[in-house]
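Data first, discussion second: the structure below is written as structure tokens.
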Amino acid sequence: MTCPIDRGPLELIEWETMPSPLADADLVRVRRMGLRPEQFDHEVLTGLLVNRRRKIFYPIAGGVPRMLVFPTGVVREFSRQHRSRLDREVAGYSPPSERGTPGEEAVLRSFSSEWLHYEWDERAYWGQSAEDLFKSMRFALDLDHKDLRARLVCEVGIGVGGIADYVVRSTECELVGIDLSHAVDEAFRHFSGNPFLHVVQASAFAPPLGDGQFDYVYSQGVLHHTYSTRAAFRSVSRLVKPGGRLYVWVYSRYDEQRTPLRRVLYAAEAVLRPIYSRLPDPLQTIALAPWAPLYILHQRLAARHNPHYTTYSWREAMHAARDRWTPRYVHRHTNEQVQRWFKAAGYGQLTSIGDRAAPQYVPEALVTCVGIEGVREATPES
């Protein structure tokens with residue numbers, strides 16, 4: 001882990017830890033990766049990551065390193081709660097107080113609200129059962145044609161962590177998942193028992209990770225929710241080592257025009273989302289409530305025609321409504337546009353998810369949006 005401000009090393013100070021004994025099979029995996037078992041035998045619940053050069057610290061709170069460069073409520077509460085200990089151990093140090101990337105505080109608010117109203121449930125996850133979603137993501141990430149065993153992987157936009165946990169367990173990789181929102185707390189709560197999955201609250205624009213560190217980086221449905229999809233892409237593209245792979249999936253302009261219903265929703269979204277995105281959370285919930293029955297009805301109709309869809313409860317319906325109507329930014333792109341970004345970043349051997357025949361369980365929207373993968377071959381253009 002590096003400082004997201006100056007990319008320098010950080011010192012770990014552990015305050016509260018929890019034993020995390022490794023099974024025999026896990027010990028074999030650790031040794032296969034050339035790592036030390038003591039790096040995995042406990043979980044740090046509370047502590048600090050300290051930049052001695054700048055006299056700043058990043059809290060580890062609730063088991064999650066908080067690596068955002070701008071102030072947040074969680075960090076303020078941590079500082080208040082541990083004031084006396086901070087004064088003893090890191091006197092004169094403070095959390096970072098930089099300005100975040102444009103709009104990040106609004107994005108943090110909207111997506112934290114979306115995910116904090118949602119809990120991991122294997123019955124229903126984005127309109128599918130968890131089993132079908134995992135199979136769909138296996139297809140999207142083309143995991144059957146990758147050997148990620150003992151490799152280092154990064155998911156940008158881990159959300160509640162279900163996909164990352166599946167990738168780790170099914171490929172035997174080690175994975176670092178970052179997310180701007182407080183969904184990281186849900187991810188840690190459900191999947192902290194996986195010793196090879198590490199959850200970090202961090203920005204795609206200032207990841208606390210080294211350039212050229214990862215064998216595989218993927219981001220599914222995240223970068224288009226930033227102020228600039230291209231700028232976010234450039235940032236995460238640097239994390240991949242030469243010969244490594246990057247997969248990015250973003251919304252497409254075509255997907256929102258392919259049915260009359262989607263065209264109506266797209267038109268309504270253009271008018272209502274700027275309003276909904278600025279409402280306080282209680283008012284957002286009230287404003288979104290009339291949409292929930294429509295989402296429930298739509299999913300019931302979809303499930304009648306396709307057994308791979310699941311029905312929605314009120315919770316899933318409100319989650320889907322928040323995802324469409326409350327993000328500050330929603331950009332849409334074309335295959336050609338994203339492929340140009342890959343080439344400019346030094347990637348070749350590009351493939352598109354839309355060029356592969358999808359099994360029935362894969363949702364149509366997954367292949368009609370833009371999903372591009374490439375191999376890092378060269379130094380990016382300046």
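Note on naming: chains are A, B, ... as they come in the structure tokens, residues start from 1 per chain, ligands start from 1 in the order shown.
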Quiz prompt | Who sits within 10 Å of segment 273-280 of chain A, only C-alpha atoms, same chain under 4 positions skipped, as a list in words | solution =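 Listing them by chain and then by number gives Ala106, Val107, Arg109, Ser110, Ser113, Ala268, Glu269, Gln284, Thr285, Ala287, Leu288, Arg322, Arg324, Trp325, Thr326, Pro327, Arg328, Tyr329 and Val330 of chain A.
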Self-check item: Shell of 8 Å around segment 366-377 of chain A, only C-alpha atoms, local chain residues under 2 positions omitted, as a ChimeraX atom specification
Solution: /A:140,240-255,333-335,338-339,342,345-354,358,362-364,379
Dump of C-alpha atoms for the selected residues, as a PDB file, in the first residue's frame:
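Output file part.pdb follows:
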ATOM      1  CA  ALA A 140     -17.619 -11.195 -18.853  1.00  0.00           C
ATOM      2  CA  VAL A 240      -1.381  -3.121 -14.671  1.00  0.00           C
ATOM      3  CA  LYS A 241       2.104  -4.577 -15.115  1.00  0.00           C
ATOM      4  CA  PRO A 242       3.551  -5.097 -18.628  1.00  0.00           C
ATOM      5  CA  GLY A 243       1.969  -8.231 -20.058  1.00  0.00           C
ATOM      6  CA  GLY A 244      -0.937  -7.945 -17.642  1.00  0.00           C
ATOM      7  CA  ARG A 245      -4.570  -7.453 -18.595  1.00  0.00           C
ATOM      8  CA  LEU A 246      -7.173  -4.750 -18.015  1.00  0.00           C
ATOM      9  CA  TYR A 247     -10.949  -5.179 -18.418  1.00  0.00           C
ATOM     10  CA  VAL A 248     -13.335  -2.217 -18.271  1.00  0.00           C
ATOM     11  CA  TRP A 249     -17.131  -2.281 -18.650  1.00  0.00           C
ATOM     12  CA  VAL A 250     -19.090   0.961 -19.023  1.00  0.00           C
ATOM     13  CA  TYR A 251     -22.536   2.014 -20.178  1.00  0.00           C
ATOM     14  CA  SER A 252     -23.130   2.358 -23.921  1.00  0.00           C
ATOM     15  CA  ARG A 253     -25.267   4.776 -25.841  1.00  0.00           C
ATOM     16  CA  TYR A 254     -26.744   1.901 -27.833  1.00  0.00           C
ATOM     17  CA  ASP A 255     -27.957  -0.004 -24.762  1.00  0.00           C
ATOM     18  CA  HIS A 333     -19.641   5.516 -24.515  1.00  0.00           C
ATOM     19  CA  THR A 334     -18.998   3.505 -27.675  1.00  0.00           C
ATOM     20  CA  ASN A 335     -16.702   0.527 -28.281  1.00  0.00           C
ATOM     21  CA  VAL A 338     -13.013   3.062 -25.275  1.00  0.00           C
ATOM     22  CA  GLN A 339     -10.728   1.118 -27.606  1.00  0.00           C
ATOM     23  CA  PHE A 342      -6.819   1.429 -24.433  1.00  0.00           C
ATOM     24  CA  ALA A 345      -2.580   3.773 -22.681  1.00  0.00           C
ATOM     25  CA  GLY A 346      -0.283   1.236 -24.373  1.00  0.00           C
ATOM     26  CA  TYR A 347      -2.692  -1.703 -24.602  1.00  0.00           C
ATOM     27  CA  GLY A 348      -3.074  -4.101 -27.503  1.00  0.00           C
ATOM     28  CA  GLN A 349      -4.757  -7.421 -28.320  1.00  0.00           C
ATOM     29  CA  LEU A 350      -8.118  -5.788 -27.638  1.00  0.00           C
ATOM     30  CA  THR A 351     -11.274  -7.871 -27.393  1.00  0.00           C
ATOM     31  CA  SER A 352     -14.903  -6.849 -26.891  1.00  0.00           C
ATOM     32  CA  ILE A 353     -17.510  -8.677 -24.848  1.00  0.00           C
ATOM     33  CA  GLY A 354     -20.034  -7.996 -27.598  1.00  0.00           C
ATOM     34  CA  ALA A 358     -23.246 -15.192 -24.682  1.00  0.00           C
ATOM     35  CA  VAL A 362     -26.008 -13.676 -19.388  1.00  0.00           C
ATOM     36  CA  PRO A 363     -28.228 -10.549 -19.295  1.00  0.00           C
ATOM     37  CA  GLU A 364     -28.568  -8.786 -22.634  1.00  0.00           C
ATOM     38  CA  THR A 379       4.406   2.841 -22.284  1.00  0.00           C
TER      39      THR A 379
END
Exercise. Just the residues within 8 Å of Ala164 of chain A, please, counting only C-alpha atoms, with nothing from its chain fewer than 4 positions along; format it as a list of chain:residue names.
Key: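 The residues that qualify are A:Glu155, A:Ile158, A:Val168, A:Leu175, A:Gly177, A:Leu197.
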Near Gln299 of chain A, within 9 Å and counting only C-alpha atoms, which residues show up once chain neighbours fewer than 2 positions away are dropped, as a JSON list (two decimals) with N, CA and C atoms, in the first residue's frame?
[["chain", "number", "residue", "atom", "x", "y", "z"],
["A", 127, "GLY", "N", -30.76, -8.48, -10.21],
["A", 127, "GLY", "CA", -31.78, -9.11, -11.02],
["A", 127, "GLY", "C", -31.54, -10.57, -11.32],
["A", 294, "LEU", "N", -42.89, -0.40, -9.76],
["A", 294, "LEU", "CA", -42.68, -0.60, -11.19],
["A", 294, "LEU", "C", -41.50, -1.54, -11.44],
["A", 295, "TYR", "N", -40.44, -1.39, -10.63],
["A", 295, "TYR", "CA", -39.31, -2.31, -10.76],
["A", 295, "TYR", "C", -39.71, -3.73, -10.36],
["A", 296, "ILE", "N", -40.51, -3.86, -9.32],
["A", 296, "ILE", "CA", -40.97, -5.18, -8.88],
["A", 296, "ILE", "C", -41.80, -5.85, -9.97],
["A", 297, "LEU", "N", -42.73, -5.08, -10.58],
["A", 297, "LEU", "CA", -43.56, -5.63, -11.65],
["A", 297, "LEU", "C", -42.72, -6.02, -12.86],
["A", 301, "LEU", "N", -42.34, -9.87, -14.52],
["A", 301, "LEU", "CA", -42.59, -10.19, -15.93],
["A", 301, "LEU", "C", -41.36, -10.78, -16.58],
["A", 302, "ALA", "N", -40.18, -10.22, -16.29],
["A", 302, "ALA", "CA", -38.94, -10.73, -16.87],
["A", 302, "ALA", "C", -38.68, -12.16, -16.42],
["A", 303, "ALA", "N", -38.96, -12.46, -15.12],
["A", 303, "ALA", "CA", -38.71, -13.79, -14.58],
["A", 303, "ALA", "C", -39.64, -14.84, -15.20],
["A", 304, "ARG", "N", -40.82, -14.42, -15.64],
["A", 304, "ARG", "CA", -41.73, -15.36, -16.31],
["A", 304, "ARG", "C", -41.19, -15.83, -17.65],
["A", 309, "TYR", "N", -33.69, -14.87, -14.46],
["A", 309, "TYR", "CA", -33.97, -13.64, -13.72],
["A", 309, "TYR", "C", -34.67, -13.99, -12.42],
["A", 310, "THR", "N", -34.45, -13.16, -11.41],
["A", 310, "THR", "CA", -35.12, -13.37, -10.14],
["A", 310, "THR", "C", -36.07, -12.21, -9.87],
["A", 311, "THR", "N", -37.04, -12.44, -9.01],
["A", 311, "THR", "CA", -37.98, -11.37, -8.66],
["A", 311, "THR", "C", -37.34, -10.45, -7.62],
["A", 312, "TYR", "N", -37.88, -9.24, -7.53],
["A", 312, "TYR", "CA", -37.39, -8.26, -6.58],
["A", 312, "TYR", "C", -38.29, -8.17, -5.35],
["A", 317, "ALA", "N", -35.73, -3.57, -5.30],
["A", 317, "ALA", "CA", -36.34, -2.58, -6.18],
["A", 317, "ALA", "C", -35.83, -1.18, -5.87]]
Quiz item: When distances are computed from only C-alpha atoms, which of A:His198, A:Arg88, A:Lys135, A:Arg53 shows the smallest separation from Phe40 of chain A?
Solution: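 Checking each candidate against Phe40 of chain A, we get A:His198 as the closest.
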Self-check item: Coordinates-based distance that separates atom CA of Gly159 of chain A from atom CA of Thr259 of chain A (Å, one decimal)
Solution: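 Straight-line distance from atom CA of Thr259 of chain A to atom CA of Gly159 of chain A works out to 28.3 Å.
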Quiz item: If we count only C-alpha atoms, what is near Gly193 of chain A at a cut-off of 12 Å, once residues fewer than 2 positions away on the same chain are taken out, given as number ranges by chain?
Solution: A: 18-23, 26, 40-43, 63, 165, 169, 187-191, 195-199
